[in-house]
Amino acid sequence: MRLQGKVAIVTGASTGIGQGIAVRFAREGAVVVVDYIGEASVAEATIAKIESFGGRVIAVRADVSDSEQVANLIAESVKSFGKLDIIVNNAGIETKHDFVDFPLNEARKIINVNLVGPLIVAQAAARQMIKQGHGGRIVNISSVHEDLPMPTNAPYCAAKGGLRMLTRTIAVELAKHNITVNNIGPGAVYTPIDADIQAQPELEKLLMAEIPLNRWGQPDEVAGLAVYLASDEASYVTGSTYFIDGGMLRQAGSY
Ligand code: BGC
């Protein structure tokens, strides 16, 4: 058990990659706080999976782009489990439009959730970890699109590009507190964020043609890397992005 005795918050853990990470962390012995947004029922699936093998878990509702809700998320976690060791900034949203037609309210929301959110969450988590005095781990779920342009996806790409530099900068600042900060950059992982592509076989085929391994990734394949980065084993790893994309970044073009 590589995360025995650790307390971890995973944002956006009700589905997709966040759910995969929350479940895997619990299997590795961590006590997990499932952050979700919307009705409490959305978190039930993740909680049921974790409780099925006797894992310890609570769910807390918090919109990551709202600093008061984030402060409450950290406070509830510490109240329930006494400390915070690991935070995974996973919550993310995505909608696509041609750039010239992109509605600004949607663009702002995407940047708020995908970039301002991780900044707020990382700041609040770092303050708590510094107070505790025994270091910590911040793992951000970025994307291949922190590096790779994707037409019709400008705000998302801009947010992920920003997350890349947020990570690099705060990794340097927080190193003296023994808090490490790293990004995971997934490619096409089979989750609800790509439901539109999964529903259109021609589009799905085009996407798969861009991936040397020629298939979707699975949330659990991302979760394995998250466990490593969150564990004591990764003690000398900070300020980097680790891509997990079936080779997508090594192939030119964009579908
Ligand atoms: C996006 C997906 C996209 C994938 C590969 C992810 O960051 O959320 O919509 O399929 O990158 O392009």
# chains A, B, ... in the order shown; residues from 1 in each chain; ligands from 1
call {"tool": "select_by_dssp", "arguments": {"residues": "stretch 85-225 of chain A", "states": "strand (DSSP E)", "output": "count of residues only"}}
result
18
call {"tool": "residues_near_ligand", "arguments": {"ligand": "ligand 1", "cutoff": "8 Å", "atoms": "only C-alpha atoms and all ligand atoms", "output": "compact mmCIF listing (two decimals) with N, CA, C and O atoms, in the first residue's frame"}}
result
# COMPACT_ATOMS: atom_id res chain seq x y z
N ILE A 93 -13.59 21.25 -17.21
CA ILE A 93 -14.70 21.27 -18.16
C ILE A 93 -14.18 21.67 -19.54
O ILE A 93 -13.09 22.24 -19.65
N GLU A 94 -14.97 21.38 -20.54
CA GLU A 94 -14.53 21.65 -21.91
C GLU A 94 -15.75 21.80 -22.81
O GLU A 94 -16.64 20.94 -22.77
N SER A 142 -3.56 18.05 -16.01
CA SER A 142 -3.52 18.98 -17.13
C SER A 142 -4.02 18.24 -18.36
O SER A 142 -5.05 17.57 -18.32
N SER A 143 -3.28 18.31 -19.45
CA SER A 143 -3.71 17.68 -20.71
C SER A 143 -2.55 17.74 -21.69
O SER A 143 -1.66 18.60 -21.55
N VAL A 144 -2.60 16.90 -22.72
CA VAL A 144 -1.66 17.10 -23.84
C VAL A 144 -1.80 18.52 -24.37
O VAL A 144 -0.85 19.09 -24.91
N HIS A 145 -2.99 19.11 -24.14
CA HIS A 145 -3.24 20.46 -24.67
C HIS A 145 -2.65 21.56 -23.80
O HIS A 145 -2.92 22.73 -24.02
N MET A 150 -5.31 22.82 -30.12
CA MET A 150 -6.46 22.07 -30.64
C MET A 150 -7.50 23.07 -31.13
O MET A 150 -8.13 23.78 -30.32
N GLY A 185 -0.36 15.01 -17.89
CA GLY A 185 -0.97 15.48 -19.14
C GLY A 185 -1.58 14.33 -19.90
O GLY A 185 -0.93 13.74 -20.77
N PRO A 186 -2.85 14.00 -19.61
CA PRO A 186 -3.47 12.88 -20.35
C PRO A 186 -3.79 13.28 -21.79
O PRO A 186 -4.01 14.45 -22.09
N GLY A 187 -3.85 12.27 -22.64
CA GLY A 187 -4.37 12.45 -24.00
C GLY A 187 -5.85 12.10 -24.00
O GLY A 187 -6.60 12.57 -23.15
N ALA A 188 -6.26 11.28 -24.95
CA ALA A 188 -7.68 10.92 -25.06
C ALA A 188 -8.01 9.77 -24.12
O ALA A 188 -7.70 8.61 -24.40
N VAL A 189 -8.62 10.11 -23.01
CA VAL A 189 -8.98 9.10 -22.01
C VAL A 189 -10.49 8.92 -22.08
O VAL A 189 -11.23 9.90 -22.24
N ILE A 193 -16.12 13.50 -20.57
CA ILE A 193 -15.78 14.79 -21.19
C ILE A 193 -15.76 14.67 -22.72
O ILE A 193 -15.97 15.65 -23.43
N ASP A 194 -15.55 13.45 -23.22
CA ASP A 194 -15.51 13.22 -24.67
C ASP A 194 -16.74 12.45 -25.16
O ASP A 194 -16.67 11.78 -26.21
N ILE A 197 -17.57 12.84 -28.85
CA ILE A 197 -16.73 12.10 -29.81
C ILE A 197 -17.09 10.61 -29.78
O ILE A 197 -17.20 9.96 -30.83
N LEU A 207 -9.82 10.64 -34.34
CA LEU A 207 -9.04 10.84 -33.11
C LEU A 207 -8.08 9.67 -32.89
O LEU A 207 -6.90 9.87 -32.62
N ASP A 245 -0.40 9.52 -22.94
CA ASP A 245 -1.24 9.88 -24.08
C ASP A 245 -1.18 8.88 -25.24
O ASP A 245 -1.55 9.21 -26.36
N MET A 248 0.38 10.28 -28.41
CA MET A 248 -0.28 11.33 -29.21
C MET A 248 0.61 12.53 -29.50
O MET A 248 0.63 13.06 -30.62
N SER A 254 -3.84 17.46 -35.95
CA SER A 254 -4.92 17.60 -34.99
C SER A 254 -6.19 17.24 -35.73
O SER A 254 -6.44 17.76 -36.80
call {"tool": "residues_around", "arguments": {"residues": "stretch 218-229 of chain A", "least_positions_apart": "5", "cutoff": "6 Å", "atoms": "only C-alpha atoms", "output": "PyMOL selection string"}}
result
chain A and resi 17+20-21+189-190+234
call {"tool": "write_last_selection", "arguments": {"atoms": "C-alpha atoms", "output": "mmCIF file, in the first residue's frame"}}
result
data_model
loop_
_atom_site.group_PDB
_atom_site.id
_atom_site.type_symbol
_atom_site.label_atom_id
_atom_site.label_comp_id
_atom_site.auth_asym_id
_atom_site.auth_seq_id
_atom_site.Cartn_x
_atom_site.Cartn_y
_atom_site.Cartn_z
ATOM 1 C CA ILE A 17 -10.220 10.425 -14.324
ATOM 2 C CA GLY A 20 -10.316 6.542 -11.173
ATOM 3 C CA ILE A 21 -7.734 8.366 -9.059
ATOM 4 C CA VAL A 189 -8.979 9.098 -22.010
ATOM 5 C CA TYR A 190 -12.370 7.379 -22.165
ATOM 6 C CA ALA A 234 8.312 10.591 -5.920
#
call {"tool": "closest_residue", "arguments": {"among": "A:Lys160, A:Asp101, A:Ser41, A:Ala171", "to": "A:Leu148", "atoms": "only C-alpha atoms"}}
result
A:Lys160
call {"tool": "atom_distance", "arguments": {"atom1": "atom CA of A:Glu173", "atom2": "atom CA of A:Ala62"}}
result
26.1 Å
call {"tool": "closest_residue", "arguments": {"among": "A:Tyr36, A:Phe99, A:Trp216, A:Phe25", "to": "A:Ala158", "atoms": "only C-alpha atoms"}}
result
A:Phe99
call {"tool": "atom_distance", "arguments": {"atom1": "atom CA of A:Gly16", "atom2": "atom CA of A:Val181"}}
result
21.8 Å
call {"tool": "closest_atom_pairs", "arguments": {"of": "stretch 172-197 of chain A", "to": "stretch 67-91 of chain A", "cutoff": "10 Å", "atoms": "only C-alpha atoms", "output": "Markdown table"}}
result
| residue | atom | partner | partner_atom | distance |
| --- | --- | --- | --- | --- |
| A:Ile179 | CA | A:Asp85 | CA | 9.3 |
| A:Thr180 | CA | A:Ile86 | CA | 9.7 |
| A:Val181 | CA | A:Ile87 | CA | 9.7 |
| A:Asn182 | CA | A:Val88 | CA | 9.8 |
| A:Asn183 | CA | A:Asn89 | CA | 9.2 |
| A:Ile184 | CA | A:Asn90 | CA | 9.7 |
call {"tool": "residues_around", "arguments": {"residues": "A:Gln4", "least_positions_apart": "2", "cutoff": "6 Å", "atoms": "only C-alpha atoms", "output": "number ranges by chain"}}
result
A: 1-2, 6, 29-30
call {"tool": "closest_residue", "arguments": {"among": "A:Glu233, A:Glu39, A:Glu51, A:Glu146", "to": "A:Ala22", "atoms": "only C-alpha atoms"}}
result
A:Glu51
call {"tool": "select_by_dssp", "arguments": {"residues": "stretch 42-152 of chain A", "states": "helix (DSSP H, G or I)", "output": "PDB file with N, CA and C atoms, in the first residue's frame"}}
result
ATOM      1  N   VAL A  42     -24.374  12.666  -7.238  1.00  0.00           N
ATOM      2  CA  VAL A  42     -23.353  12.422  -8.275  1.00  0.00           C
ATOM      3  C   VAL A  42     -22.100  11.755  -7.702  1.00  0.00           C
ATOM      4  N   ALA A  43     -21.876  11.947  -6.394  1.00  0.00           N
ATOM      5  CA  ALA A  43     -20.664  11.380  -5.785  1.00  0.00           C
ATOM      6  C   ALA A  43     -20.869   9.930  -5.337  1.00  0.00           C
ATOM      7  N   GLU A  44     -22.108   9.457  -5.421  1.00  0.00           N
ATOM      8  CA  GLU A  44     -22.422   8.139  -4.846  1.00  0.00           C
ATOM      9  C   GLU A  44     -21.632   6.987  -5.478  1.00  0.00           C
ATOM     10  N   ALA A  45     -21.452   7.044  -6.801  1.00  0.00           N
ATOM     11  CA  ALA A  45     -20.771   5.928  -7.478  1.00  0.00           C
ATOM     12  C   ALA A  45     -19.343   5.784  -6.972  1.00  0.00           C
ATOM     13  N   THR A  46     -18.631   6.911  -6.839  1.00  0.00           N
ATOM     14  CA  THR A  46     -17.242   6.855  -6.368  1.00  0.00           C
ATOM     15  C   THR A  46     -17.197   6.341  -4.936  1.00  0.00           C
ATOM     16  N   ILE A  47     -18.125   6.844  -4.113  1.00  0.00           N
ATOM     17  CA  ILE A  47     -18.147   6.425  -2.709  1.00  0.00           C
ATOM     18  C   ILE A  47     -18.432   4.931  -2.600  1.00  0.00           C
ATOM     19  N   ALA A  48     -19.402   4.457  -3.390  1.00  0.00           N
ATOM     20  CA  ALA A  48     -19.759   3.034  -3.334  1.00  0.00           C
ATOM     21  C   ALA A  48     -18.561   2.169  -3.733  1.00  0.00           C
ATOM     22  N   LYS A  49     -17.839   2.590  -4.781  1.00  0.00           N
ATOM     23  CA  LYS A  49     -16.672   1.803  -5.210  1.00  0.00           C
ATOM     24  C   LYS A  49     -15.646   1.712  -4.089  1.00  0.00           C
ATOM     25  N   ILE A  50     -15.403   2.836  -3.425  1.00  0.00           N
ATOM     26  CA  ILE A  50     -14.374   2.855  -2.368  1.00  0.00           C
ATOM     27  C   ILE A  50     -14.840   2.058  -1.150  1.00  0.00           C
ATOM     28  N   GLU A  51     -16.109   2.217  -0.811  1.00  0.00           N
ATOM     29  CA  GLU A  51     -16.604   1.503   0.378  1.00  0.00           C
ATOM     30  C   GLU A  51     -16.693  -0.007   0.125  1.00  0.00           C
ATOM     31  N   SER A  67     -13.484  30.585  -3.950  1.00  0.00           N
ATOM     32  CA  SER A  67     -12.493  30.454  -2.870  1.00  0.00           C
ATOM     33  C   SER A  67     -13.131  30.093  -1.525  1.00  0.00           C
ATOM     34  N   GLU A  68     -14.350  30.561  -1.271  1.00  0.00           N
ATOM     35  CA  GLU A  68     -14.997  30.211   0.012  1.00  0.00           C
ATOM     36  C   GLU A  68     -15.333  28.731   0.065  1.00  0.00           C
ATOM     37  N   GLN A  69     -15.830  28.219  -1.060  1.00  0.00           N
ATOM     38  CA  GLN A  69     -16.167  26.789  -1.095  1.00  0.00           C
ATOM     39  C   GLN A  69     -14.901  25.926  -0.979  1.00  0.00           C
ATOM     40  N   VAL A  70     -13.822  26.414  -1.572  1.00  0.00           N
ATOM     41  CA  VAL A  70     -12.551  25.671  -1.477  1.00  0.00           C
ATOM     42  C   VAL A  70     -12.028  25.696  -0.042  1.00  0.00           C
ATOM     43  N   ALA A  71     -12.144  26.845   0.627  1.00  0.00           N
ATOM     44  CA  ALA A  71     -11.707  26.932   2.036  1.00  0.00           C
ATOM     45  C   ALA A  71     -12.510  25.937   2.870  1.00  0.00           C
ATOM     46  N   ASN A  72     -13.782  25.828   2.569  1.00  0.00           N
ATOM     47  CA  ASN A  72     -14.634  24.885   3.303  1.00  0.00           C
ATOM     48  C   ASN A  72     -14.231  23.425   3.008  1.00  0.00           C
ATOM     49  N   LEU A  73     -13.872  23.161   1.741  1.00  0.00           N
ATOM     50  CA  LEU A  73     -13.429  21.811   1.349  1.00  0.00           C
ATOM     51  C   LEU A  73     -12.206  21.384   2.168  1.00  0.00           C
ATOM     52  N   ILE A  74     -11.244  22.284   2.278  1.00  0.00           N
ATOM     53  CA  ILE A  74     -10.016  21.962   3.037  1.00  0.00           C
ATOM     54  C   ILE A  74     -10.373  21.810   4.523  1.00  0.00           C
ATOM     55  N   ALA A  75     -11.185  22.745   5.040  1.00  0.00           N
ATOM     56  CA  ALA A  75     -11.536  22.717   6.471  1.00  0.00           C
ATOM     57  C   ALA A  75     -12.279  21.427   6.826  1.00  0.00           C
ATOM     58  N   GLU A  76     -13.215  21.030   5.974  1.00  0.00           N
ATOM     59  CA  GLU A  76     -13.979  19.793   6.235  1.00  0.00           C
ATOM     60  C   GLU A  76     -13.065  18.570   6.219  1.00  0.00           C
ATOM     61  N   SER A  77     -12.119  18.564   5.289  1.00  0.00           N
ATOM     62  CA  SER A  77     -11.201  17.424   5.178  1.00  0.00           C
ATOM     63  C   SER A  77     -10.351  17.315   6.431  1.00  0.00           C
ATOM     64  N   VAL A  78      -9.830  18.464   6.869  1.00  0.00           N
ATOM     65  CA  VAL A  78      -8.957  18.465   8.054  1.00  0.00           C
ATOM     66  C   VAL A  78      -9.758  18.134   9.306  1.00  0.00           C
ATOM     67  N   LYS A  79     -10.993  18.631   9.347  1.00  0.00           N
ATOM     68  CA  LYS A  79     -11.849  18.333  10.508  1.00  0.00           C
ATOM     69  C   LYS A  79     -12.128  16.816  10.581  1.00  0.00           C
ATOM     70  N   SER A  80     -12.368  16.211   9.429  1.00  0.00           N
ATOM     71  CA  SER A  80     -12.710  14.785   9.416  1.00  0.00           C
ATOM     72  C   SER A  80     -11.505  13.881   9.638  1.00  0.00           C
ATOM     73  N   PHE A  81     -10.364  14.242   9.037  1.00  0.00           N
ATOM     74  CA  PHE A  81      -9.238  13.306   9.040  1.00  0.00           C
ATOM     75  C   PHE A  81      -7.952  13.861   9.674  1.00  0.00           C
ATOM     76  N   PHE A  99     -13.040  29.632 -32.726  1.00  0.00           N
ATOM     77  CA  PHE A  99     -12.561  30.733 -31.887  1.00  0.00           C
ATOM     78  C   PHE A  99     -13.358  32.017 -32.108  1.00  0.00           C
ATOM     79  N   VAL A 100     -13.591  32.368 -33.377  1.00  0.00           N
ATOM     80  CA  VAL A 100     -14.255  33.662 -33.637  1.00  0.00           C
ATOM     81  C   VAL A 100     -15.692  33.691 -33.120  1.00  0.00           C
ATOM     82  N   ASP A 101     -16.274  32.527 -32.898  1.00  0.00           N
ATOM     83  CA  ASP A 101     -17.652  32.475 -32.397  1.00  0.00           C
ATOM     84  C   ASP A 101     -17.722  32.081 -30.914  1.00  0.00           C
ATOM     85  N   LEU A 104     -18.097  34.437 -24.901  1.00  0.00           N
ATOM     86  CA  LEU A 104     -17.137  34.836 -23.866  1.00  0.00           C
ATOM     87  C   LEU A 104     -17.504  34.318 -22.482  1.00  0.00           C
ATOM     88  N   ASN A 105     -18.803  34.220 -22.190  1.00  0.00           N
ATOM     89  CA  ASN A 105     -19.171  33.697 -20.866  1.00  0.00           C
ATOM     90  C   ASN A 105     -18.710  32.247 -20.712  1.00  0.00           C
ATOM     91  N   GLU A 106     -18.799  31.473 -21.800  1.00  0.00           N
ATOM     92  CA  GLU A 106     -18.314  30.077 -21.749  1.00  0.00           C
ATOM     93  C   GLU A 106     -16.799  30.037 -21.623  1.00  0.00           C
ATOM     94  N   ALA A 107     -16.126  30.914 -22.371  1.00  0.00           N
ATOM     95  CA  ALA A 107     -14.658  30.945 -22.330  1.00  0.00           C
ATOM     96  C   ALA A 107     -14.178  31.278 -20.917  1.00  0.00           C
ATOM     97  N   ARG A 108     -14.852  32.266 -20.294  1.00  0.00           N
ATOM     98  CA  ARG A 108     -14.468  32.655 -18.924  1.00  0.00           C
ATOM     99  C   ARG A 108     -14.667  31.501 -17.948  1.00  0.00           C
ATOM    100  N   LYS A 109     -15.770  30.800 -18.111  1.00  0.00           N
ATOM    101  CA  LYS A 109     -16.067  29.693 -17.185  1.00  0.00           C
ATOM    102  C   LYS A 109     -15.014  28.580 -17.317  1.00  0.00           C
ATOM    103  N   ILE A 110     -14.626  28.296 -18.571  1.00  0.00           N
ATOM    104  CA  ILE A 110     -13.624  27.245 -18.800  1.00  0.00           C
ATOM    105  C   ILE A 110     -12.299  27.627 -18.131  1.00  0.00           C
ATOM    106  N   ILE A 111     -11.911  28.896 -18.294  1.00  0.00           N
ATOM    107  CA  ILE A 111     -10.641  29.334 -17.689  1.00  0.00           C
ATOM    108  C   ILE A 111     -10.765  29.375 -16.163  1.00  0.00           C
ATOM    109  N   ASN A 112     -11.921  29.741 -15.675  1.00  0.00           N
ATOM    110  CA  ASN A 112     -12.149  29.763 -14.218  1.00  0.00           C
ATOM    111  C   ASN A 112     -12.026  28.379 -13.600  1.00  0.00           C
ATOM    112  N   VAL A 113     -12.687  27.407 -14.215  1.00  0.00           N
ATOM    113  CA  VAL A 113     -12.678  26.060 -13.622  1.00  0.00           C
ATOM    114  C   VAL A 113     -11.325  25.378 -13.842  1.00  0.00           C
ATOM    115  N   ASN A 114     -10.755  25.532 -15.042  1.00  0.00           N
ATOM    116  CA  ASN A 114      -9.561  24.754 -15.400  1.00  0.00           C
ATOM    117  C   ASN A 114      -8.241  25.397 -14.985  1.00  0.00           C
ATOM    118  N   LEU A 115      -8.255  26.708 -14.718  1.00  0.00           N
ATOM    119  CA  LEU A 115      -6.991  27.364 -14.343  1.00  0.00           C
ATOM    120  C   LEU A 115      -7.090  28.129 -13.017  1.00  0.00           C
ATOM    121  N   VAL A 116      -8.097  29.001 -12.897  1.00  0.00           N
ATOM    122  CA  VAL A 116      -8.223  29.748 -11.636  1.00  0.00           C
ATOM    123  C   VAL A 116      -8.534  28.768 -10.499  1.00  0.00           C
ATOM    124  N   GLY A 117      -9.351  27.763 -10.794  1.00  0.00           N
ATOM    125  CA  GLY A 117      -9.687  26.745  -9.781  1.00  0.00           C
ATOM    126  C   GLY A 117      -8.441  26.083  -9.200  1.00  0.00           C
ATOM    127  N   PRO A 118      -7.595  25.470 -10.041  1.00  0.00           N
ATOM    128  CA  PRO A 118      -6.372  24.862  -9.502  1.00  0.00           C
ATOM    129  C   PRO A 118      -5.488  25.837  -8.726  1.00  0.00           C
ATOM    130  N   LEU A 119      -5.487  27.107  -9.153  1.00  0.00           N
ATOM    131  CA  LEU A 119      -4.680  28.101  -8.414  1.00  0.00           C
ATOM    132  C   LEU A 119      -5.253  28.288  -7.005  1.00  0.00           C
ATOM    133  N   ILE A 120      -6.576  28.454  -6.926  1.00  0.00           N
ATOM    134  CA  ILE A 120      -7.221  28.638  -5.615  1.00  0.00           C
ATOM    135  C   ILE A 120      -7.007  27.401  -4.739  1.00  0.00           C
ATOM    136  N   VAL A 121      -7.215  26.235  -5.326  1.00  0.00           N
ATOM    137  CA  VAL A 121      -7.105  24.980  -4.569  1.00  0.00           C
ATOM    138  C   VAL A 121      -5.656  24.754  -4.109  1.00  0.00           C
ATOM    139  N   ALA A 122      -4.707  24.984  -5.016  1.00  0.00           N
ATOM    140  CA  ALA A 122      -3.298  24.765  -4.656  1.00  0.00           C
ATOM    141  C   ALA A 122      -2.871  25.737  -3.559  1.00  0.00           C
ATOM    142  N   GLN A 123      -3.339  26.980  -3.625  1.00  0.00           N
ATOM    143  CA  GLN A 123      -2.970  27.956  -2.603  1.00  0.00           C
ATOM    144  C   GLN A 123      -3.515  27.543  -1.234  1.00  0.00           C
ATOM    145  N   ALA A 124      -4.787  27.194  -1.208  1.00  0.00           N
ATOM    146  CA  ALA A 124      -5.413  26.803   0.060  1.00  0.00           C
ATOM    147  C   ALA A 124      -4.757  25.533   0.615  1.00  0.00           C
ATOM    148  N   ALA A 125      -4.465  24.584  -0.268  1.00  0.00           N
ATOM    149  CA  ALA A 125      -3.831  23.330   0.173  1.00  0.00           C
ATOM    150  C   ALA A 125      -2.417  23.599   0.675  1.00  0.00           C
ATOM    151  N   ALA A 126      -1.669  24.431  -0.049  1.00  0.00           N
ATOM    152  CA  ALA A 126      -0.287  24.724   0.353  1.00  0.00           C
ATOM    153  C   ALA A 126      -0.260  25.407   1.718  1.00  0.00           C
ATOM    154  N   ARG A 127      -1.201  26.325   1.961  1.00  0.00           N
ATOM    155  CA  ARG A 127      -1.243  26.985   3.278  1.00  0.00           C
ATOM    156  C   ARG A 127      -1.439  25.951   4.389  1.00  0.00           C
ATOM    157  N   GLN A 128      -2.330  25.013   4.152  1.00  0.00           N
ATOM    158  CA  GLN A 128      -2.588  23.965   5.148  1.00  0.00           C
ATOM    159  C   GLN A 128      -1.341  23.088   5.329  1.00  0.00           C
ATOM    160  N   MET A 129      -0.702  22.705   4.225  1.00  0.00           N
ATOM    161  CA  MET A 129       0.480  21.826   4.307  1.00  0.00           C
ATOM    162  C   MET A 129       1.638  22.534   5.008  1.00  0.00           C
ATOM    163  N   ILE A 130       1.788  23.828   4.744  1.00  0.00           N
ATOM    164  CA  ILE A 130       2.877  24.589   5.392  1.00  0.00           C
ATOM    165  C   ILE A 130       2.623  24.648   6.905  1.00  0.00           C
ATOM    166  N   LYS A 131       1.366  24.861   7.260  1.00  0.00           N
ATOM    167  CA  LYS A 131       0.996  24.906   8.681  1.00  0.00           C
ATOM    168  C   LYS A 131       1.322  23.574   9.378  1.00  0.00           C
ATOM    169  N   GLN A 132       1.076  22.476   8.670  1.00  0.00           N
ATOM    170  CA  GLN A 132       1.334  21.153   9.254  1.00  0.00           C
ATOM    171  C   GLN A 132       2.836  20.892   9.403  1.00  0.00           C
ATOM    172  N   VAL A 144      -2.602  16.899 -22.723  1.00  0.00           N
ATOM    173  CA  VAL A 144      -1.661  17.097 -23.838  1.00  0.00           C
ATOM    174  C   VAL A 144      -1.798  18.516 -24.368  1.00  0.00           C
ATOM    175  N   HIS A 145      -2.989  19.111 -24.145  1.00  0.00           N
ATOM    176  CA  HIS A 145      -3.243  20.459 -24.670  1.00  0.00           C
ATOM    177  C   HIS A 145      -2.648  21.559 -23.801  1.00  0.00           C
ATOM    178  N   GLU A 146      -1.778  21.221 -22.860  1.00  0.00           N
ATOM    179  CA  GLU A 146      -0.960  22.271 -22.247  1.00  0.00           C
ATOM    180  C   GLU A 146       0.182  22.587 -23.212  1.00  0.00           C
TER     181      GLU A 146
END
call {"tool": "atom_distance", "arguments": {"atom1": "atom CA of A:Gln198", "atom2": "atom CA of A:Gly217"}}
result
12.9 Å
